[in-house]
file protein28.txt (compact mmCIF, C-alpha atoms)
# COMPACT_ATOMS: atom_id res chain seq x y z
CA MET A 1 -9.05 31.90 55.20
CA TYR A 2 -6.24 33.75 53.38
CA GLU A 3 -3.60 31.64 55.13
CA LEU A 4 -5.37 28.43 54.12
CA LEU A 5 -5.53 29.46 50.46
CA GLU A 6 -1.88 30.47 50.53
CA PHE A 7 -1.00 27.06 51.99
CA ALA A 8 -2.94 25.32 49.20
CA ALA A 9 -1.10 27.39 46.60
CA MET A 10 2.26 26.39 48.04
CA LYS A 11 1.18 22.72 47.92
CA PHE A 12 0.22 23.16 44.26
CA GLU A 13 3.61 24.60 43.34
CA LYS A 14 5.48 21.80 45.12
CA CYS A 15 3.32 19.16 43.48
CA ASN A 16 4.01 20.62 40.03
CA GLN A 17 7.75 20.47 40.70
CA TYR A 18 7.46 16.91 41.92
CA SER A 19 5.31 15.62 39.08
CA SER A 20 7.70 17.01 36.45
CA LYS A 21 10.46 14.76 37.74
CA TYR A 22 8.55 11.50 37.94
CA SER A 23 6.32 9.26 35.84
CA PHE A 24 2.75 9.96 34.87
CA ALA A 25 1.45 7.44 37.42
CA LYS A 26 3.27 9.10 40.29
CA GLY A 27 2.27 12.52 39.00
CA TRP A 28 -1.37 11.38 39.12
CA ALA A 29 -0.91 10.31 42.75
CA VAL A 30 0.51 13.75 43.52
CA ARG A 31 -2.44 15.47 41.87
CA SER A 32 -4.76 13.26 43.92
CA THR A 33 -2.95 14.40 47.06
CA LEU A 34 -3.39 18.01 45.93
CA ALA A 35 -7.12 17.44 45.46
CA LEU A 36 -7.35 16.05 48.98
CA THR A 37 -5.48 19.09 50.31
CA LEU A 38 -7.88 21.47 48.56
CA LEU A 39 -10.87 19.56 49.89
CA THR A 40 -9.41 19.80 53.38
CA VAL A 41 -9.00 23.56 52.94
CA LEU A 42 -12.59 23.93 51.78
CA ALA A 43 -13.84 21.76 54.64
CA GLY A 44 -12.00 23.99 57.09
CA CYS A 45 -13.99 26.96 55.78
CA GLN A 46 -17.34 25.42 56.74
CA THR A 47 -19.26 26.63 59.73
CA PRO A 48 -18.86 24.54 62.91
CA ALA A 49 -22.46 23.32 62.65
CA SER A 50 -21.95 21.79 59.19
CA ARG A 51 -18.62 20.15 59.93
CA VAL A 52 -18.51 16.43 60.77
CA ALA A 53 -16.45 15.75 63.88
CA THR A 54 -13.83 13.21 62.83
CA PRO A 55 -10.59 12.25 64.54
CA ALA A 56 -7.29 13.42 63.08
CA GLN A 57 -5.96 9.94 62.48
CA ASN A 58 -6.27 7.92 59.26
CA ASN A 59 -7.74 4.43 59.37
CA VAL A 60 -5.26 2.13 57.63
CA THR A 61 -4.34 -1.55 57.44
CA THR A 62 -1.14 -3.12 58.71
CA GLU A 63 -0.28 -3.96 55.10
CA ASP A 64 -0.55 -0.26 54.16
CA VAL A 65 2.01 0.72 56.77
CA ALA A 66 4.33 -2.20 56.01
CA THR A 67 4.45 -1.62 52.25
CA ASN A 68 4.08 2.18 52.14
CA THR A 69 6.00 3.17 55.24
CA ASN A 70 7.41 6.42 53.84
CA ARG A 71 3.89 7.60 53.08
CA TYR A 72 2.86 7.32 56.73
CA ILE A 73 6.04 8.29 58.58
CA GLY A 74 5.18 11.02 61.09
CA GLN A 75 1.42 10.57 60.61
CA THR A 76 -1.05 9.56 63.30
CA VAL A 77 -2.97 6.50 62.12
CA THR A 78 -5.40 3.93 63.49
CA ILE A 79 -4.86 0.22 62.87
CA ARG A 80 -7.19 -2.63 63.79
CA SER A 81 -5.57 -6.05 63.93
CA GLU A 82 -5.23 -9.19 66.01
CA PRO A 83 -1.96 -9.15 67.98
CA ILE A 84 0.52 -11.73 66.72
CA GLU A 85 3.27 -11.89 69.33
CA LYS A 86 3.95 -10.26 72.68
CA ILE A 87 7.60 -9.23 72.97
CA ALA A 88 7.56 -7.35 76.28
CA PRO A 89 4.90 -5.71 78.50
CA SER A 90 5.07 -2.55 76.35
CA THR A 91 5.56 -4.06 72.90
CA PHE A 92 3.90 -6.55 70.57
CA THR A 93 3.62 -7.24 66.85
CA ILE A 94 0.69 -7.19 64.44
CA GLU A 95 0.35 -8.21 60.80
CA ASP A 96 -2.27 -8.31 58.08
CA ARG A 97 -3.19 -11.99 57.93
CA GLN A 98 -5.15 -11.63 54.69
CA PHE A 99 -1.84 -11.08 52.88
CA PHE A 100 0.39 -14.16 52.81
CA GLY A 101 3.90 -13.31 53.97
CA SER A 102 2.87 -9.85 55.17
CA GLU A 103 5.55 -8.03 57.16
CA THR A 104 4.87 -7.58 60.86
CA ILE A 105 4.62 -4.15 62.47
CA LEU A 106 6.02 -3.47 65.91
CA VAL A 107 3.61 -1.66 68.25
CA VAL A 108 5.06 0.25 71.19
CA ASN A 109 2.64 1.11 73.98
CA ALA A 110 3.58 4.71 74.80
CA SER A 111 0.16 5.55 76.29
CA GLY A 112 1.42 5.40 79.87
CA LYS A 113 -1.29 2.83 80.69
CA PRO A 114 -0.81 -0.95 80.86
CA PHE A 115 -2.62 -2.93 78.19
CA VAL A 116 -3.27 -6.67 78.43
CA LEU A 117 -3.27 -8.32 75.02
CA PRO A 118 -6.47 -10.27 74.38
CA ASP A 119 -6.56 -13.81 73.01
CA GLY A 120 -8.26 -14.08 69.63
CA ILE A 121 -9.72 -10.55 69.70
CA ASN A 122 -8.76 -7.61 67.53
CA ILE A 123 -7.27 -4.51 69.08
CA GLN A 124 -7.29 -0.92 67.89
CA ALA A 125 -4.06 1.05 68.14
CA THR A 126 -3.74 4.76 67.42
CA GLY A 127 -0.38 6.51 67.24
CA LYS A 128 2.42 7.83 65.05
CA VAL A 129 4.22 5.76 62.45
CA ARG A 130 8.00 5.96 62.57
CA ASN A 131 11.04 3.84 61.89
CA PHE A 132 11.95 2.06 65.11
CA VAL A 133 15.19 3.24 66.68
CA LEU A 134 15.57 1.78 70.16
CA ALA A 135 17.82 4.55 71.48
CA ASP A 136 15.30 7.21 70.46
CA ILE A 137 12.34 5.31 71.95
CA GLU A 138 14.16 4.85 75.26
CA ARG A 139 15.17 8.49 75.39
CA GLU A 140 11.58 9.65 74.80
CA PHE A 141 9.57 7.11 76.80
CA SER A 142 11.94 5.28 79.20
CA LEU A 143 10.25 1.92 78.76
CA GLY A 144 13.26 -0.18 79.76
CA LEU A 145 13.28 -2.23 76.55
CA ASP A 146 15.86 -5.00 76.27
CA PRO A 147 18.09 -4.20 73.24
CA LYS A 148 18.56 -7.92 72.46
CA LEU A 149 14.84 -8.32 71.73
CA TYR A 150 14.66 -5.57 69.12
CA VAL A 151 17.61 -6.15 66.81
CA GLN A 152 15.37 -7.39 63.98
CA TYR A 153 13.05 -4.36 64.34
CA GLU A 154 15.70 -1.64 64.22
CA ASN A 155 14.92 0.88 61.46
CA LYS A 156 11.78 -1.06 60.54
CA PRO A 157 8.28 0.49 60.59
CA ALA A 158 6.68 0.76 64.01
CA LEU A 159 3.55 2.29 65.52
CA ILE A 160 4.13 4.35 68.67
CA ALA A 161 0.68 3.94 70.20
CA GLN A 162 -0.83 6.70 72.31
CA SER A 163 -4.08 4.77 72.79
CA LEU A 164 -4.98 1.08 72.74
CA ALA A 165 -8.41 -0.52 72.96
CA LEU A 166 -10.09 -3.86 72.46
CA ALA A 167 -11.87 -3.96 69.09
CA PRO A 168 -14.51 -6.73 69.11
CA LYS A 169 -17.60 -6.91 66.91
CA PRO A 170 -20.93 -5.66 68.33
CA GLY A 171 -22.22 -9.24 68.67
CA GLU A 172 -19.17 -10.29 70.66
CA LEU A 173 -19.95 -7.54 73.16
CA THR A 174 -23.61 -8.46 73.51
CA SER A 175 -23.11 -12.23 73.66
CA ASN A 176 -20.27 -12.17 76.22
CA PRO A 177 -20.22 -8.74 77.88
CA GLN A 178 -18.62 -9.78 81.18
CA GLN A 179 -15.12 -9.96 79.74
CA TYR A 180 -15.43 -6.42 78.35
CA TYR A 181 -17.09 -4.51 81.19
CA GLY A 182 -15.10 -1.50 82.36
CA LYS A 183 -12.51 -1.76 79.58
CA PRO A 184 -11.82 0.71 76.74
CA ILE A 185 -13.59 -0.52 73.61
CA ALA A 186 -13.38 0.46 69.94
CA VAL A 187 -16.11 -1.02 67.74
CA THR A 188 -17.49 -0.45 64.26
CA GLY A 189 -20.90 -1.24 62.86
CA GLU A 190 -23.94 -0.03 60.97
CA VAL A 191 -26.43 2.23 62.70
CA GLN A 192 -29.58 0.15 62.81
CA GLN A 193 -31.99 2.30 64.79
CA ILE A 194 -31.97 5.68 66.57
CA PRO A 195 -34.29 5.64 69.62
CA GLY A 196 -33.27 9.14 70.71
CA ALA A 197 -30.96 12.09 70.04
CA ASN A 198 -28.12 10.58 72.09
CA ALA A 199 -28.85 6.87 71.63
CA PHE A 200 -28.52 4.46 68.72
CA LYS A 201 -27.98 0.78 68.02
CA LEU A 202 -25.16 -0.87 66.11
CA ASP A 203 -26.37 -3.71 63.92
CA GLU A 204 -24.92 -7.18 64.41
CA ASP A 205 -25.82 -9.37 61.45
CA LYS A 206 -22.70 -11.49 61.06
CA LEU A 207 -22.45 -13.30 64.39
CA PHE A 208 -25.08 -16.00 64.94
CA GLY A 209 -27.00 -15.31 68.12
CA GLY A 210 -25.56 -11.81 68.52
CA GLN A 211 -27.81 -8.88 69.42
CA ASP A 212 -27.66 -5.24 68.45
CA LEU A 213 -25.48 -3.09 70.71
CA LEU A 214 -26.97 -0.05 72.43
CA VAL A 215 -24.76 3.04 72.27
CA LEU A 216 -25.30 6.11 74.47
CA ARG A 217 -23.66 9.51 74.18
CA ALA A 218 -23.54 11.58 77.36
CA LYS A 219 -22.84 15.31 77.27
CA SER A 220 -20.48 15.14 80.22
CA ALA A 221 -18.60 11.98 79.24
CA THR A 222 -15.62 13.86 77.78
CA PRO A 223 -15.01 17.21 76.06
CA ALA A 224 -14.84 15.28 72.78
CA THR A 225 -18.60 14.63 72.89
CA ALA A 226 -19.47 18.34 72.71
CA ASN A 227 -19.54 18.55 68.88
CA GLN A 228 -20.35 15.01 67.83
CA PRO A 229 -21.88 14.45 64.37
CA VAL A 230 -25.54 13.67 63.78
CA ILE A 231 -25.89 9.92 63.19
CA GLN A 232 -28.10 8.57 60.39
CA ASN A 233 -29.76 5.16 60.04
CA GLY A 234 -27.68 2.88 57.82
CA GLU A 235 -24.47 4.85 58.40
CA LYS A 236 -21.30 2.90 59.17
CA VAL A 237 -19.60 4.38 62.20
CA ALA A 238 -16.73 3.71 64.57
CA VAL A 239 -17.17 4.42 68.26
CA THR A 240 -14.89 4.37 71.29
CA GLY A 241 -15.98 4.15 74.90
CA VAL A 242 -16.53 1.91 77.92
CA LEU A 243 -18.93 -1.03 78.17
CA ARG A 244 -21.16 -1.36 81.23
CA PRO A 245 -24.55 -2.80 82.24
CA PHE A 246 -27.64 -0.72 81.50
CA VAL A 247 -28.81 0.37 84.95
CA VAL A 248 -30.65 3.70 84.74
CA ALA A 249 -29.92 4.77 88.34
CA ASP A 250 -26.17 4.27 87.89
CA LEU A 251 -26.07 5.96 84.49
CA ASP A 252 -28.07 8.97 85.69
CA ARG A 253 -25.75 9.38 88.65
CA GLU A 254 -22.56 9.37 86.56
CA TYR A 255 -23.59 10.95 83.27
CA ASP A 256 -25.71 13.80 81.97
CA PHE A 257 -28.15 12.10 79.60
CA GLU A 258 -30.91 13.92 77.77
CA TRP A 259 -33.28 10.98 77.56
CA GLY A 260 -36.30 12.71 76.00
CA ALA A 261 -39.92 11.89 76.63
CA GLY A 262 -40.51 8.16 76.87
CA ILE A 263 -37.01 7.23 75.66
CA GLN A 264 -35.71 6.21 79.10
CA ARG A 265 -38.66 3.89 79.70
CA GLN A 266 -38.38 2.42 76.21
CA LEU A 267 -34.65 1.68 76.59
CA GLU A 268 -35.04 0.29 80.10
CA VAL A 269 -37.71 -2.18 78.96
CA GLU A 270 -35.50 -3.46 76.13
CA PHE A 271 -32.00 -3.20 77.63
CA LYS A 272 -32.27 -3.38 81.43
CA ASN A 273 -29.08 -5.03 82.78
CA LYS A 274 -27.87 -5.66 79.24
CA PRO A 275 -24.57 -4.22 77.94
CA VAL A 276 -24.46 -0.61 76.78
CA LEU A 277 -21.48 1.26 75.35
CA ILE A 278 -21.01 4.74 76.82
CA VAL A 279 -19.06 6.47 74.07
CA ASP A 280 -16.60 9.35 74.12
CA ASN A 281 -16.16 9.55 70.34
CA VAL A 282 -18.25 8.73 67.28
CA TYR A 283 -17.00 9.17 63.74
CA PRO A 284 -17.67 7.82 60.23
CA SER A 285 -15.94 4.49 59.77
CA ALA A 286 -13.23 4.54 57.11
CA ILE A 287 -11.73 1.24 58.27
CA PRO A 288 -11.54 -1.24 55.38
CA ASP A 289 -14.16 -4.00 55.56
CA ALA A 290 -11.46 -6.67 55.63
CA ALA A 291 -10.02 -5.18 58.79
CA LYS A 292 -13.29 -5.16 60.73

call {"tool": "encode", "arguments": {"input": "protein28.txt", "output": "C-alpha cells"}}
result
Amino acid sequence: MYELLEFAAMKFEKCNQYSSKYSFAKGWAVRSTLALTLLTVLAGCQTPASRVATPAQNNVTTEDVATNTNRYIGQTVTIRSEPIEKIAPSTFTIEDRQFFGSETILVVNASGKPFVLPDGINIQATGKVRNFVLADIEREFSLGLDPKLYVQYENKPALIAQSLALAPKPGELTSNPQQYYGKPIAVTGEVQQIPGANAFKLDEDKLFGGQDLLVLRAKSATPATANQPVIQNGEKVAVTGVLRPFVVADLDREYDFEWGAGIQRQLEVEFKNKPVLIVDNVYPSAIPDAAK
C-alpha cells in the first residue's frame, strides 16, 4: 500500500513538471492520466473478491495506434480489425476502414503458432506496440522475414502479436459453426440470459437469422478462469475460447462444469449439438462499437 501511494506521488510530481511546459489542453490530458493512475492505485487496494478480473491490455482501434503511436509504444493492446493484406506467413497489415486514408498497421505474428488469415472475418490481435525495425524483430523472433518486403514499414508503427484469434459476431458463430469449430475465438456481445453460475448467452440482434451464443466457463479450462468476474444481464463483455458442439458426455469428460440442479437438462434440451463457446477469459468489453 505504501509503495503504491509513493508511486502515485511520483507520477503527480512528474505530471506537474510536464504540464508547466505545455499548453492547457495537453496539461488537461496529463491530469486525466494522473486521475487514471490514482484510480488504478485505489483499485489495487481492493480485496480480491471485489476486484473485476480484466486483462492487462487496452482495447484500441487501428486508427488510435496509427495516429497516436507514441502514446502506445511499449504497451500491450488489443485490436480488432479485418486483415487487409498478407505479406508473409508471419506478417499482415490491418487498417481502420471507417477512416478514409487511414494508415495501415503491420502485425507480426510472434505467438509461435501459425495463424491462417480468414476471408472477410475480423481478427483479434493482442501484443505490444513498437516501431518496426526488421533487424530487431529478426534478432528476437527469428522469423526469416525478407528485408525487401518491409522497406516501407521500417520505423513505422507495428503490433508484435503474442496471440491471434478469429473475431466473428455471435450470430456468425451460430449460423455457420463448422468453419469455427476447434479454433481460438474472440467475440463480444451483450449478456442476454444467465441460465447458471457458469453459463450465459451472448445476444445476437444484428444478424438476420442468427441465434444467441451459449457460453460456458469451466473451472479447469485454464488458470485464468479461477477468478473470473460475476456476469450481469445486459452487460457487454468480451470472451475468448474455443467453439465446439454441445455434447454433454464430451464436455463432462474434458471439463469440470458445475451444472447445478436442472441446468444441464435445460441446456441440453435447448442446445444439444449446437455450437457452444468454452471460454478461458471473460472481461468487460471496452472495444469501441465501431470496431465490433

call {"tool": "residues_around", "arguments": {"input": "protein28.txt", "residues": "segment 165-176 of chain A", "least_positions_apart": "4", "cutoff": "10 Å", "atoms": "only C-alpha atoms", "output": "number ranges by chain"}}
result
A: 80-82, 115-118, 120-126, 180-181, 183-190, 201-214, 239-243, 274-277, 292

call {"tool": "atom_distance", "arguments": {"input": "protein28.txt", "atom1": "atom CA of Gln152 of chain A", "atom2": "atom CA of Asp136 of chain A"}}
result
16.0 Å

call {"tool": "atom_distance", "arguments": {"input": "protein28.txt", "atom1": "atom CA of Leu251 of chain A", "atom2": "atom CA of Gln192 of chain A"}}
result
22.7 Å

call {"tool": "closest_residue", "arguments": {"input": "protein28.txt", "among": "A:Ala88, A:Ile194, A:Leu106, A:Val282", "to": "Ala66 of chain A", "atoms": "only C-alpha atoms"}}
result
A:Leu106

call {"tool": "atom_distance", "arguments": {"input": "protein28.txt", "atom1": "atom CA of Lys236 of chain A", "atom2": "atom CA of Val248 of chain A"}}
result
27.2 Å

call {"tool": "residues_around", "arguments": {"input": "protein28.txt", "residues": "Tyr153 of chain A", "least_positions_apart": "3", "cutoff": "7 Å", "atoms": "only C-alpha atoms", "output": "number ranges by chain"}}
result
A: 132, 150, 156

call {"tool": "closest_residue", "arguments": {"input": "protein28.txt", "among": "A:Asp119, A:Glu154, A:Ser163, A:Phe246", "to": "Val133 of chain A", "atoms": "all atoms listed in the file"}}
result
A:Glu154

call {"tool": "residues_around", "arguments": {"input": "protein28.txt", "residues": "Thr69 of chain A", "least_positions_apart": "5", "cutoff": "9 Å", "atoms": "all atoms listed in the file", "output": "list in words"}}
result
Asp64, Val129, Arg130, Asn131, Lys156 and Pro157 of chain A

call {"tool": "closest_residue", "arguments": {"input": "protein28.txt", "among": "A:Ala158, A:Ala249, A:Ile231, A:Leu216", "to": "Asn70 of chain A", "atoms": "all atoms listed in the file"}}
result
A:Ala158

call {"tool": "residues_around", "arguments": {"input": "protein28.txt", "residues": "Thr61 of chain A", "least_positions_apart": "2", "cutoff": "7 Å", "atoms": "all atoms listed in the file", "output": "mmCIF file with C-alpha atoms, in the frame of the given file"}}
result
data_model
loop_
_atom_site.group_PDB
_atom_site.id
_atom_site.type_symbol
_atom_site.label_atom_id
_atom_site.label_comp_id
_atom_site.auth_asym_id
_atom_site.auth_seq_id
_atom_site.Cartn_x
_atom_site.Cartn_y
_atom_site.Cartn_z
ATOM 1 C CA GLU A 63 -0.280 -3.960 55.100
ATOM 2 C CA ASP A 64 -0.550 -0.260 54.160
ATOM 3 C CA VAL A 65 2.010 0.720 56.770
ATOM 4 C CA ILE A 79 -4.860 0.220 62.870
ATOM 5 C CA ALA A 291 -10.020 -5.180 58.790
#

call {"tool": "decode", "arguments": {"input": "protein28.txt", "residues": "segment 165-180 of chain A", "atoms": "C-alpha atoms", "output": "short mmCIF file (atom, residue, chain, number, x, y, z; two decimals), in the first residue's frame"}}
result
data_model
loop_
_atom_site.label_atom_id
_atom_site.label_comp_id
_atom_site.auth_asym_id
_atom_site.auth_seq_id
_atom_site.Cartn_x
_atom_site.Cartn_y
_atom_site.Cartn_z
CA ALA A 165 -7.86 -15.20 -32.77
CA LEU A 166 -10.81 -15.06 -35.13
CA ALA A 167 -13.27 -12.37 -34.03
CA PRO A 168 -16.69 -13.05 -35.59
CA LYS A 169 -20.04 -11.85 -34.26
CA PRO A 170 -22.12 -14.25 -32.12
CA GLY A 171 -24.60 -14.79 -34.97
CA GLU A 172 -21.83 -15.74 -37.38
CA LEU A 173 -20.78 -18.49 -34.98
CA THR A 174 -24.28 -19.86 -34.52
CA SER A 175 -25.31 -19.68 -38.19
CA ASN A 176 -22.14 -21.27 -39.59
CA PRO A 177 -20.29 -23.01 -36.73
CA GLN A 178 -18.46 -25.63 -38.81
CA GLN A 179 -15.82 -23.21 -40.03
CA TYR A 180 -15.03 -22.14 -36.45
#
